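One file, target_15.cif, carrying mmCIF, C-alpha atoms:
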```cif
data_protein
#
loop_
_atom_site.group_PDB
_atom_site.id
_atom_site.type_symbol
_atom_site.label_atom_id
_atom_site.label_comp_id
_atom_site.auth_asym_id
_atom_site.auth_seq_id
_atom_site.Cartn_x
_atom_site.Cartn_y
_atom_site.Cartn_z
ATOM 1 C CA MET A 5 214.474 -69.282 39.430
ATOM 2 C CA ILE A 6 216.671 -68.478 36.431
ATOM 3 C CA ASP A 7 218.121 -71.427 34.500
ATOM 4 C CA SER A 8 221.678 -70.056 34.411
ATOM 5 C CA GLY A 9 223.049 -73.086 32.578
ATOM 6 C CA ARG A 10 220.474 -73.004 29.815
ATOM 7 C CA LEU A 11 221.070 -69.290 29.249
ATOM 8 C CA GLU A 12 224.846 -69.730 29.609
ATOM 9 C CA LEU A 13 225.027 -66.893 32.113
ATOM 10 C CA PRO A 14 228.460 -66.008 33.481
ATOM 11 C CA ASP A 15 229.511 -67.049 36.965
ATOM 12 C CA PHE A 16 229.436 -64.324 39.610
ATOM 13 C CA LEU A 17 232.824 -65.080 41.129
ATOM 14 C CA PRO A 18 233.963 -64.256 44.666
ATOM 15 C CA GLY A 19 236.209 -61.216 44.745
ATOM 16 C CA SER A 20 234.481 -59.539 41.813
ATOM 17 C CA VAL A 21 232.113 -56.582 41.466
ATOM 18 C CA TRP A 22 229.146 -56.377 39.140
ATOM 19 C CA LEU A 23 227.928 -52.856 38.328
ATOM 20 C CA VAL A 24 224.266 -53.480 37.584
ATOM 21 C CA GLY A 25 221.441 -51.244 36.395
ATOM 22 C CA ALA A 26 218.163 -51.921 38.210
ATOM 23 C CA GLY A 27 216.062 -49.907 35.773
ATOM 24 C CA PRO A 28 213.834 -46.963 36.676
ATOM 25 C CA GLY A 29 211.732 -48.741 39.307
ATOM 26 C CA ASP A 30 209.366 -51.432 38.098
ATOM 27 C CA PRO A 31 210.941 -54.811 39.013
ATOM 28 C CA GLY A 32 209.575 -56.214 35.764
ATOM 29 C CA LEU A 33 212.130 -54.130 33.883
ATOM 30 C CA LEU A 34 215.106 -55.931 35.435
ATOM 31 C CA SER A 35 217.300 -57.820 32.987
ATOM 32 C CA VAL A 36 217.984 -61.538 33.338
ATOM 33 C CA LEU A 37 221.607 -60.737 34.205
ATOM 34 C CA ALA A 38 220.464 -58.361 36.930
ATOM 35 C CA LEU A 39 218.282 -61.085 38.457
ATOM 36 C CA HIS A 40 221.150 -63.550 38.127
ATOM 37 C CA ALA A 41 223.400 -61.147 40.035
ATOM 38 C CA LEU A 42 220.788 -60.695 42.762
ATOM 39 C CA ASP A 43 220.479 -64.481 43.101
ATOM 40 C CA HIS A 44 224.208 -64.910 43.765
ATOM 41 C CA ALA A 45 225.369 -61.717 45.514
ATOM 42 C CA ASP A 46 226.957 -61.837 48.947
ATOM 43 C CA ILE A 47 226.472 -58.102 49.422
ATOM 44 C CA VAL A 48 224.315 -55.571 47.570
ATOM 45 C CA VAL A 49 225.624 -52.001 47.652
ATOM 46 C CA TYR A 50 222.589 -50.083 46.470
ATOM 47 C CA ASP A 51 221.608 -46.541 45.560
ATOM 48 C CA ALA A 52 218.750 -44.421 46.853
ATOM 49 C CA LEU A 53 216.671 -44.909 43.697
ATOM 50 C CA VAL A 54 216.573 -48.716 43.769
ATOM 51 C CA ASP A 55 213.000 -49.855 44.381
ATOM 52 C CA PRO A 56 212.499 -51.800 47.664
ATOM 53 C CA ARG A 57 210.712 -54.546 45.715
ATOM 54 C CA ILE A 58 213.960 -55.164 43.837
ATOM 55 C CA LEU A 59 216.019 -55.322 47.023
ATOM 56 C CA ALA A 60 213.580 -57.919 48.334
ATOM 57 C CA LEU A 61 214.764 -60.243 45.560
ATOM 58 C CA ALA A 62 218.212 -60.604 47.143
ATOM 59 C CA PRO A 63 218.831 -63.980 48.830
ATOM 60 C CA PRO A 64 218.187 -64.186 52.593
ATOM 61 C CA GLY A 65 221.879 -64.399 53.439
ATOM 62 C CA ALA A 66 222.925 -61.369 51.401
ATOM 63 C CA THR A 67 223.878 -58.114 53.131
ATOM 64 C CA LEU A 68 222.102 -54.959 51.963
ATOM 65 C CA ASP A 69 224.478 -51.995 52.145
ATOM 66 C CA TYR A 70 222.977 -48.557 51.499
ATOM 67 C CA ALA A 71 225.180 -46.124 49.552
ATOM 68 C CA GLY A 72 222.653 -43.618 48.284
ATOM 69 C CA LYS A 73 223.407 -40.029 47.357
ATOM 70 C CA ARG A 74 220.562 -37.502 47.435
ATOM 71 C CA GLY A 75 220.939 -33.804 46.804
ATOM 72 C CA GLY A 76 220.928 -31.623 49.906
ATOM 73 C CA ARG A 77 221.245 -34.561 52.306
ATOM 74 C CA PRO A 78 224.263 -36.103 54.024
ATOM 75 C CA SER A 79 225.600 -38.702 51.608
ATOM 76 C CA PRO A 80 228.699 -40.832 51.143
ATOM 77 C CA SER A 81 231.273 -39.406 48.746
ATOM 78 C CA GLN A 82 231.994 -41.097 45.449
ATOM 79 C CA PRO A 83 235.603 -41.933 46.435
ATOM 80 C CA ASP A 84 234.309 -43.522 49.651
ATOM 81 C CA ILE A 85 231.849 -45.689 47.711
ATOM 82 C CA SER A 86 234.519 -46.794 45.250
ATOM 83 C CA ALA A 87 236.886 -47.630 48.115
ATOM 84 C CA ARG A 88 234.113 -49.648 49.794
ATOM 85 C CA LEU A 89 233.578 -51.717 46.637
ATOM 86 C CA ILE A 90 237.306 -52.418 46.381
ATOM 87 C CA ARG A 91 237.575 -53.415 50.040
ATOM 88 C CA LEU A 92 234.582 -55.746 49.887
ATOM 89 C CA ALA A 93 235.901 -57.461 46.764
ATOM 90 C CA GLN A 94 239.319 -57.869 48.356
ATOM 91 C CA GLU A 95 237.562 -59.666 51.233
ATOM 92 C CA GLY A 96 236.391 -62.270 48.728
ATOM 93 C CA ARG A 97 232.759 -61.188 48.489
ATOM 94 C CA ARG A 98 230.525 -61.283 45.433
ATOM 95 C CA VAL A 99 229.756 -57.560 45.353
ATOM 96 C CA LEU A 100 226.664 -56.338 43.532
ATOM 97 C CA ARG A 101 226.712 -52.577 42.997
ATOM 98 C CA LEU A 102 223.063 -51.925 42.228
ATOM 99 C CA LYS A 103 222.068 -48.619 40.662
ATOM 100 C CA GLY A 104 218.770 -47.149 39.530
ATOM 101 C CA GLY A 105 218.418 -46.919 35.768
ATOM 102 C CA ASP A 106 221.614 -47.655 33.859
ATOM 103 C CA PRO A 107 224.924 -47.525 35.755
ATOM 104 C CA CYS A 108 226.646 -45.566 32.987
ATOM 105 C CA VAL A 109 223.935 -42.987 32.248
ATOM 106 C CA PHE A 110 224.500 -40.276 34.851
ATOM 107 C CA GLY A 111 225.062 -43.091 37.333
ATOM 108 C CA ARG A 112 228.792 -42.715 38.083
ATOM 109 C CA GLY A 113 229.310 -46.294 36.895
ATOM 110 C CA GLY A 114 232.251 -45.257 34.750
ATOM 111 C CA GLU A 115 234.008 -43.718 37.743
ATOM 112 C CA GLU A 116 233.510 -46.827 39.839
ATOM 113 C CA ALA A 117 234.657 -49.114 37.022
ATOM 114 C CA LEU A 118 237.836 -47.072 36.576
ATOM 115 C CA ALA A 119 238.557 -47.316 40.317
ATOM 116 C CA LEU A 120 238.037 -51.084 40.231
ATOM 117 C CA ALA A 121 240.259 -51.445 37.162
ATOM 118 C CA ALA A 122 243.019 -49.389 38.799
ATOM 119 C CA SER A 123 242.943 -51.736 41.811
ATOM 120 C CA GLY A 124 242.913 -54.911 39.734
ATOM 121 C CA ILE A 125 239.390 -55.914 40.799
ATOM 122 C CA PRO A 126 237.490 -58.036 38.236
ATOM 123 C CA PHE A 127 234.211 -56.391 37.294
ATOM 124 C CA ARG A 128 231.288 -56.640 34.896
ATOM 125 C CA ILE A 129 228.946 -53.867 33.724
ATOM 126 C CA VAL A 130 225.305 -54.930 33.351
ATOM 127 C CA PRO A 131 223.250 -52.258 31.561
ATOM 128 C CA GLY A 132 219.814 -51.298 32.820
ATOM 129 C CA ILE A 133 216.861 -49.485 31.294
ATOM 130 C CA THR A 134 217.471 -45.801 31.819
ATOM 131 C CA ALA A 135 214.648 -43.523 32.977
ATOM 132 C CA GLY A 136 215.004 -41.312 29.918
ATOM 133 C CA ILE A 137 213.726 -44.190 27.804
ATOM 134 C CA GLY A 138 211.797 -46.508 30.115
ATOM 135 C CA GLY A 139 210.324 -43.803 32.317
ATOM 136 C CA LEU A 140 209.037 -41.852 29.349
ATOM 137 C CA ALA A 141 207.636 -45.008 27.758
ATOM 138 C CA TYR A 142 205.586 -45.586 30.930
ATOM 139 C CA ALA A 143 204.289 -42.040 30.511
ATOM 140 C CA GLY A 144 203.236 -42.741 26.925
ATOM 141 C CA ILE A 145 206.065 -40.710 25.394
ATOM 142 C CA PRO A 146 208.419 -42.286 22.845
ATOM 143 C CA VAL A 147 211.802 -40.551 22.832
ATOM 144 C CA THR A 148 211.928 -40.787 19.044
ATOM 145 C CA HIS A 149 209.310 -40.839 16.328
ATOM 146 C CA ARG A 150 210.307 -40.772 12.687
ATOM 147 C CA ASP A 151 207.734 -38.096 11.800
ATOM 148 C CA ILE A 152 208.887 -35.830 14.631
ATOM 149 C CA ASN A 153 212.556 -36.264 15.551
ATOM 150 C CA SER A 154 215.637 -38.130 14.398
ATOM 151 C CA ALA A 155 217.766 -37.009 17.344
ATOM 152 C CA VAL A 156 217.444 -36.798 21.113
ATOM 153 C CA THR A 157 219.784 -35.357 23.733
ATOM 154 C CA PHE A 158 220.092 -36.667 27.284
ATOM 155 C CA VAL A 159 221.463 -34.053 29.671
ATOM 156 C CA THR A 160 221.891 -33.773 33.424
ATOM 157 C CA GLY A 161 220.069 -30.937 35.121
ATOM 158 C CA HIS A 162 222.724 -30.289 37.739
ATOM 159 C CA SER A 163 226.474 -30.462 38.106
ATOM 160 C CA SER A 164 228.379 -32.386 40.772
ATOM 161 C CA GLY A 165 228.184 -29.231 42.885
ATOM 162 C CA GLY A 166 224.402 -29.010 42.522
ATOM 163 C CA ALA A 167 224.217 -26.038 40.143
ATOM 164 C CA VAL A 168 223.059 -25.830 36.525
ATOM 165 C CA PRO A 169 225.922 -27.420 34.545
ATOM 166 C CA ASP A 170 228.095 -24.697 33.012
ATOM 167 C CA GLY A 171 229.899 -27.258 30.876
ATOM 168 C CA VAL A 172 226.752 -27.906 28.837
ATOM 169 C CA ASP A 173 226.361 -25.917 25.623
ATOM 170 C CA TRP A 174 222.695 -25.126 26.131
ATOM 171 C CA GLU A 175 222.543 -22.947 23.014
ATOM 172 C CA ALA A 176 223.830 -25.768 20.805
ATOM 173 C CA ILE A 177 221.394 -28.230 22.358
ATOM 174 C CA ALA A 178 218.509 -25.798 21.914
ATOM 175 C CA ARG A 179 219.357 -25.355 18.232
ATOM 176 C CA GLY A 180 220.288 -28.912 17.347
ATOM 177 C CA SER A 181 218.175 -31.330 19.378
ATOM 178 C CA PRO A 182 214.451 -31.654 18.597
ATOM 179 C CA VAL A 183 213.903 -33.558 21.848
ATOM 180 C CA ILE A 184 215.723 -32.887 25.110
ATOM 181 C CA VAL A 185 215.504 -35.247 28.078
ATOM 182 C CA LEU A 186 216.575 -33.831 31.440
ATOM 183 C CA TYR A 187 217.768 -36.017 34.278
ATOM 184 C CA MET A 188 217.721 -34.525 37.782
ATOM 185 C CA GLY A 189 216.438 -31.261 36.354
ATOM 186 C CA LEU A 190 213.477 -30.383 38.566
ATOM 187 C CA ARG A 191 215.359 -28.059 40.905
ATOM 188 C CA HIS A 192 216.753 -25.968 38.052
ATOM 189 C CA ILE A 193 213.974 -26.272 35.481
ATOM 190 C CA ALA A 194 213.220 -22.532 35.578
ATOM 191 C CA ALA A 195 216.841 -21.584 34.827
ATOM 192 C CA ILE A 196 217.225 -24.288 32.181
ATOM 193 C CA ALA A 197 213.979 -23.292 30.468
ATOM 194 C CA ALA A 198 215.100 -19.661 30.426
ATOM 195 C CA ARG A 199 218.388 -20.629 28.771
ATOM 196 C CA LEU A 200 216.642 -22.736 26.160
ATOM 197 C CA ILE A 201 214.102 -20.041 25.352
ATOM 198 C CA ALA A 202 216.859 -17.443 25.097
ATOM 199 C CA ALA A 203 218.582 -19.750 22.617
ATOM 200 C CA GLY A 204 215.478 -19.932 20.428
ATOM 201 C CA ARG A 205 213.171 -22.624 21.786
ATOM 202 C CA THR A 206 209.496 -21.688 21.698
ATOM 203 C CA PRO A 207 208.024 -20.778 25.105
ATOM 204 C CA ASN A 208 204.927 -22.894 24.418
ATOM 205 C CA GLU A 209 206.926 -25.992 23.444
ATOM 206 C CA PRO A 210 205.385 -29.013 25.213
ATOM 207 C CA VAL A 211 207.094 -30.396 28.312
ATOM 208 C CA ALA A 212 206.305 -33.517 30.310
ATOM 209 C CA ILE A 213 207.519 -33.922 33.887
ATOM 210 C CA VAL A 214 207.426 -37.529 35.046
ATOM 211 C CA SER A 215 207.808 -38.105 38.776
ATOM 212 C CA LYS A 216 208.781 -41.508 40.220
ATOM 213 C CA ALA A 217 208.571 -43.106 36.805
ATOM 214 C CA THR A 218 207.474 -46.751 36.433
ATOM 215 C CA THR A 219 206.471 -47.028 40.102
ATOM 216 C CA PRO A 220 202.943 -47.112 41.544
ATOM 217 C CA ALA A 221 203.536 -43.495 42.636
ATOM 218 C CA GLN A 222 204.218 -42.286 39.084
ATOM 219 C CA ARG A 223 202.768 -38.879 38.258
ATOM 220 C CA VAL A 224 202.913 -37.019 34.946
ATOM 221 C CA VAL A 225 202.190 -33.372 34.280
ATOM 222 C CA VAL A 226 202.232 -31.858 30.813
ATOM 223 C CA THR A 227 202.920 -28.183 30.479
ATOM 224 C CA SER A 228 204.903 -25.700 28.378
ATOM 225 C CA LEU A 229 208.551 -24.767 28.549
ATOM 226 C CA ALA A 230 207.758 -21.303 29.886
ATOM 227 C CA GLU A 231 205.381 -22.639 32.539
ATOM 228 C CA ALA A 232 207.259 -25.806 33.537
ATOM 229 C CA ALA A 233 208.620 -24.536 36.852
ATOM 230 C CA ALA A 234 205.334 -22.971 37.967
ATOM 231 C CA THR A 235 203.326 -26.022 36.938
ATOM 232 C CA ALA A 236 205.629 -28.427 38.786
ATOM 233 C CA MET A 237 205.426 -26.317 41.935
ATOM 234 C CA ALA A 238 201.643 -25.966 41.774
ATOM 235 C CA ALA A 239 201.242 -29.715 41.251
ATOM 236 C CA GLY A 240 203.568 -30.561 44.137
ATOM 237 C CA ILE A 241 205.800 -32.686 41.916
ATOM 238 C CA GLU A 242 208.592 -34.458 43.791
ATOM 239 C CA GLY A 243 211.809 -36.047 42.632
ATOM 240 C CA PRO A 244 213.127 -38.141 41.184
ATOM 241 C CA THR A 245 211.889 -36.819 37.863
ATOM 242 C CA ILE A 246 212.612 -37.211 34.198
ATOM 243 C CA ILE A 247 211.661 -34.247 32.012
ATOM 244 C CA ALA A 248 210.971 -34.415 28.270
ATOM 245 C CA ILE A 249 211.015 -31.301 26.116
ATOM 246 C CA GLY A 250 209.807 -31.459 22.525
ATOM 247 C CA GLU A 251 206.970 -32.301 20.182
ATOM 248 C CA VAL A 252 207.009 -36.016 21.076
ATOM 249 C CA VAL A 253 205.322 -35.008 24.337
ATOM 250 C CA ARG A 254 202.112 -34.388 22.383
ATOM 251 C CA LEU A 255 201.941 -38.104 21.552
ATOM 252 C CA ARG A 256 201.101 -38.837 25.181
ATOM 253 C CA ALA A 257 197.489 -37.811 24.487
ATOM 254 C CA ALA A 258 197.102 -40.939 22.337
ATOM 255 C CA LEU A 259 199.751 -43.217 23.858
ATOM 256 C CA ASP A 260 199.063 -42.968 27.602
ATOM 257 C CA TRP A 261 198.680 -46.723 27.919
ATOM 258 C CA ILE A 262 198.524 -46.652 31.732
ATOM 259 C CA GLY A 263 196.113 -43.775 32.157
ATOM 260 C CA ASP A 264 195.812 -41.618 35.246
ATOM 261 C CA ALA A 265 192.743 -43.498 36.477
ATOM 262 C CA ALA A 266 193.747 -47.003 35.391
ATOM 263 C CA PRO A 267 194.975 -49.632 37.851
ATOM 264 C CA TRP A 268 198.741 -49.971 37.937
ATOM 265 C CA PRO A 269 199.929 -52.864 35.718
ATOM 266 C CA GLY A 270 200.427 -55.950 37.837
ATOM 267 C CA ALA A 271 198.596 -54.539 40.858
ATOM 268 C CA GLY A 272 196.732 -57.159 42.813
#
```
Written as structure tokens, that's how I'd like the structure from this file.
Amino acid sequence: MIDSGRLELPDFLPGSVWLVGAGPGDPGLLSVLALHALDHADIVVYDALVDPRILALAPPGATLDYAGKRGGRPSPSQPDISARLIRLAQEGRRVLRLKGGDPCVFGRGGEEALALAASGIPFRIVPGITAGIGGLAYAGIPVTHRDINSAVTFVTGHSSGGAVPDGVDWEAIARGSPVIVLYMGLRHIAAIAARLIAAGRTPNEPVAIVSKATTPAQRVVVTSLAEAAATAMAAGIEGPTIIAIGEVVRLRAALDWIGDAAPWPGAG
């Protein structure tokens, strides 16, 4: 039980919405504010990537309301989800909008917050650990290292329509970012790798593909930029994935603190 008074945590008021990041999977990566919100929510509107162990932390009387969007499957539209949050708040509920990772890192949290603001609904944004940082850390890959890179670029691997994003300046990223972290990039990794190589990245640049990061099902494959798509297919890698491109991937050889054969941290 969290001592809300001692920590001076804010009240979760009826008629308000909290947009909360649940982190990449491991319940141990939840923030205190996220746990506080789970303790007091009347309804939890959750995404597909929220770990079931986190949902189990909701109080017995809370309603769990699935609002997940997965590529290629029937899913609720973003306007429908935003309208649902507004309606539930107007009914006087304490509405917890629970998202995997961080709500404002490729999580549509900004869109939902704008919709709430336009309707006069009080809201709070609670950041979460994003997979591009936490997921890679669990794979033994720091996103920055002062001897390797002083910049990193986070980029989505597909547009809202499901294609490779045309609005991304891949040539500029290839030239200017020593480390590139791809969210939702598995489906288009072959096309993205081809664009990066055409823009000057080395075909044998190291790449790590992390599947189901920070969960007991986590898998990591290390390959090269030119071979990333073929390696992922041969290994049977499944989404969700986070993909790191750059020399920091080589540090995994020394920093794989979990280890492929080691018991999962916290496993009974």
TODO: Could you tell me which residues the PyMOL selection byres ((chain A and resi 39-56) around 7) grabs in this file, written as a ChimeraX atom specification?
DONE: /A:6,16,26,29,34-38,57-63,66-73,97-104
Residues of segment 178-249 of chain A that approach segment 146-153 of chain A to 9 Å or less, counting only C-alpha atoms: could you list each one with the shortest pair of atoms and its distance in Å to one decimal, rows by chain and increasing residue number, as CSV?
```
residue,atom,partner,partner_atom,distance
A:Ser181,CA,A:Asn153,CA,8.4
A:Pro182,CA,A:Asn153,CA,5.8
A:Val183,CA,A:Asn153,CA,7.0
A:Ile184,CA,A:Val147,CA,8.9
A:Val185,CA,A:Val147,CA,8.3
A:Ala248,CA,A:Val147,CA,8.2
```
Spatial neighbours of Ala217 of chain A, max dist 8 Å, all atoms listed in the file, sep filter under 6 positions, as number ranges by chain = A: 28-29, 135, 139-140, 142-143, 223, 245-246
Surrounding residues of Gly243 of chain A excluding itself and chain neighbours under 5 positions, 12 Å, only C-alpha atoms, as a list of chain:residue names: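 Everything that qualifies: A:Ala52, A:Leu53, A:Arg74, A:Gly75, A:Tyr187, A:Met188, A:Gly189, A:Leu190, A:Arg191, A:Ile213, A:Val214, A:Ser215, A:Lys216, A:Ala217, A:Ala221, A:Gln222, A:Arg223, A:Val224, A:Ala236, A:Met237.
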Exercise: segment 114-129 of chain A partners within 10 Å, all atoms listed in the file, chain neighbours under 2 positions left out, as a VMD selection string:
chain A and resid 14 16 to 25 82 to 83 85 to 87 89 to 91 93 to 94 99 to 101 106 to 112 131 to 132
**OP:** Quick one: everything within 12 Å of Ala257 of chain A, counting all atoms listed in the file, minus sequence neighbours fewer than 3 positions away in the same chain. Send it as a list of chain:residue names.
**Re:**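 Once the nearby chain positions are removed, what remains is A:Ala143, A:Gly144, A:Ile145, A:Pro146, A:Pro210, A:Ala212, A:Val224, A:Val225, A:Val226, A:Glu251, A:Val252, A:Val253, A:Arg254, A:Asp260, A:Trp261, A:Ile262, A:Gly263, A:Asp264.
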Output for the residues just chosen: C-alpha atoms as a tab-separated table (two decimals), in the coordinates of the input:
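Heads up, here's the output in out_20.tsv:
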```tsv
chain	number	residue	atom	x	y	z
A	143	ALA	CA	204.29	-42.04	30.51
A	144	GLY	CA	203.24	-42.74	26.92
A	145	ILE	CA	206.06	-40.71	25.39
A	146	PRO	CA	208.42	-42.29	22.84
A	210	PRO	CA	205.38	-29.01	25.21
A	212	ALA	CA	206.30	-33.52	30.31
A	224	VAL	CA	202.91	-37.02	34.95
A	225	VAL	CA	202.19	-33.37	34.28
A	226	VAL	CA	202.23	-31.86	30.81
A	251	GLU	CA	206.97	-32.30	20.18
A	252	VAL	CA	207.01	-36.02	21.08
A	253	VAL	CA	205.32	-35.01	24.34
A	254	ARG	CA	202.11	-34.39	22.38
A	260	ASP	CA	199.06	-42.97	27.60
A	261	TRP	CA	198.68	-46.72	27.92
A	262	ILE	CA	198.52	-46.65	31.73
A	263	GLY	CA	196.11	-43.78	32.16
A	264	ASP	CA	195.81	-41.62	35.25
```
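When the PyMOL selection byres ((chain A and resi 180) around 12) is run on the displayed coordinates, the residues it returns are Asn153, Ser154, Ala155, Val156, Thr157, Asp173, Trp174, Glu175, Ala176, Ile177, Ala178, Arg179, Ser181, Pro182, Val183, Ile184, Leu200, Ala203, Gly204, Arg205 and Gly250 of chain A.
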Segment 125-140 of chain A: axis-aligned bounding box, 4 Å on each side, centre and edge lengths in Å, one decimal, as JSON:
```
{"center_x": 224.2, "center_y": -49.7, "center_z": 34.3, "size_x": 38.4, "size_y": 24.7, "size_z": 21.0}
```
query = Could you work out how far atom CA of Leu186 of chain A lies from atom CA of Ile249 of chain A, giving the answer in Å with one decimal?
reply =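 Between these atoms lies a distance of 8.1 Å.
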Which polymer residues have any atom within 9 Å of an atom of Val168 of chain A, counting only C-alpha atoms, with same-chain residues fewer than 6 positions away left out, as a PDB file with C-alpha atoms, keeping the file's coordinate frame?
```pdb
ATOM      1  CA  THR A 160     221.891 -33.773  33.424  1.00  0.00           C
ATOM      2  CA  GLY A 161     220.069 -30.937  35.121  1.00  0.00           C
ATOM      3  CA  HIS A 162     222.724 -30.289  37.739  1.00  0.00           C
ATOM      4  CA  GLY A 189     216.438 -31.261  36.354  1.00  0.00           C
ATOM      5  CA  HIS A 192     216.753 -25.968  38.052  1.00  0.00           C
ATOM      6  CA  ALA A 195     216.841 -21.584  34.827  1.00  0.00           C
ATOM      7  CA  ILE A 196     217.225 -24.288  32.181  1.00  0.00           C
TER       8      ILE A 196
END
```
Separating atom CA of Arg256 of chain A from atom CA of Gly138 of chain A, to the nearest tenth of an Å, is a gap of 14.1 Å
Render segment 167-231 of chain A from the structure in the preceding block as a file of C-alpha atoms, as a CSV table (one decimal), in the first residue's frame.
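Written file, out_9.csv:
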```
chain,number,residue,atom,x,y,z
A,167,ALA,CA,3.2,2.3,-44.2
A,168,VAL,CA,6.8,3.5,-43.7
A,169,PRO,CA,6.5,7.1,-42.6
A,170,ASP,CA,7.1,9.5,-45.6
A,171,GLY,CA,7.2,12.5,-43.2
A,172,VAL,CA,10.5,11.2,-41.7
A,173,ASP,CA,13.7,12.6,-43.2
A,174,TRP,CA,15.5,9.2,-43.2
A,175,GLU,CA,18.6,10.7,-45.0
A,176,ALA,CA,19.0,13.4,-42.3
A,177,ILE,CA,18.6,10.8,-39.5
A,178,ALA,CA,21.1,8.4,-41.2
A,179,ARG,CA,23.7,11.2,-41.4
A,180,GLY,CA,23.1,12.9,-38.1
A,181,SER,CA,22.1,10.3,-35.5
A,182,PRO,CA,24.8,7.8,-34.3
A,183,VAL,CA,22.0,5.7,-32.7
A,184,ILE,CA,18.6,5.2,-34.1
A,185,VAL,CA,15.8,3.5,-32.0
A,186,LEU,CA,12.8,2.2,-34.0
A,187,TYR,CA,9.4,1.8,-32.4
A,188,MET,CA,6.9,-0.5,-34.2
A,189,GLY,CA,9.5,-1.1,-37.0
A,190,LEU,CA,9.6,-4.8,-37.4
A,191,ARG,CA,7.1,-5.0,-40.3
A,192,HIS,CA,9.1,-2.4,-42.4
A,193,ILE,CA,12.6,-3.1,-41.2
A,194,ALA,CA,13.8,-4.2,-44.7
A,195,ALA,CA,12.6,-1.0,-46.3
A,196,ILE,CA,13.9,1.2,-43.5
A,197,ALA,CA,17.3,-0.5,-43.5
A,198,ALA,CA,17.5,0.0,-47.3
A,199,ARG,CA,16.8,3.7,-46.9
A,200,LEU,CA,19.4,4.1,-44.2
A,201,ILE,CA,22.0,2.2,-46.2
A,202,ALA,CA,21.2,4.3,-49.3
A,203,ALA,CA,21.8,7.4,-47.2
A,204,GLY,CA,25.2,6.2,-46.1
A,205,ARG,CA,24.8,3.9,-43.1
A,206,THR,CA,27.2,0.9,-43.2
A,207,PRO,CA,25.5,-2.4,-44.1
A,208,ASN,CA,27.3,-4.2,-41.3
A,209,GLU,CA,26.3,-1.7,-38.6
A,210,PRO,CA,25.1,-3.6,-35.6
A,211,VAL,CA,21.3,-3.9,-34.9
A,212,ALA,CA,19.5,-5.4,-31.9
A,213,ILE,CA,15.9,-6.4,-32.2
A,214,VAL,CA,14.2,-6.8,-28.8
A,215,SER,CA,10.9,-8.6,-28.7
A,216,LYS,CA,8.5,-8.3,-25.8
A,217,ALA,CA,11.0,-6.2,-23.8
A,218,THR,CA,11.1,-6.5,-20.0
A,219,THR,CA,8.7,-9.4,-19.9
A,220,PRO,CA,9.5,-13.1,-19.2
A,221,ALA,CA,9.1,-13.7,-22.9
A,222,GLN,CA,11.8,-11.2,-23.9
A,223,ARG,CA,14.0,-12.2,-26.8
A,224,VAL,CA,16.9,-10.4,-28.3
A,225,VAL,CA,18.7,-11.0,-31.6
A,226,VAL,CA,21.7,-9.1,-32.7
A,227,THR,CA,22.4,-8.8,-36.4
A,228,SER,CA,23.5,-6.3,-39.0
A,229,LEU,CA,21.5,-3.5,-40.7
A,230,ALA,CA,21.7,-5.4,-44.0
A,231,GLU,CA,20.6,-8.7,-42.5
```
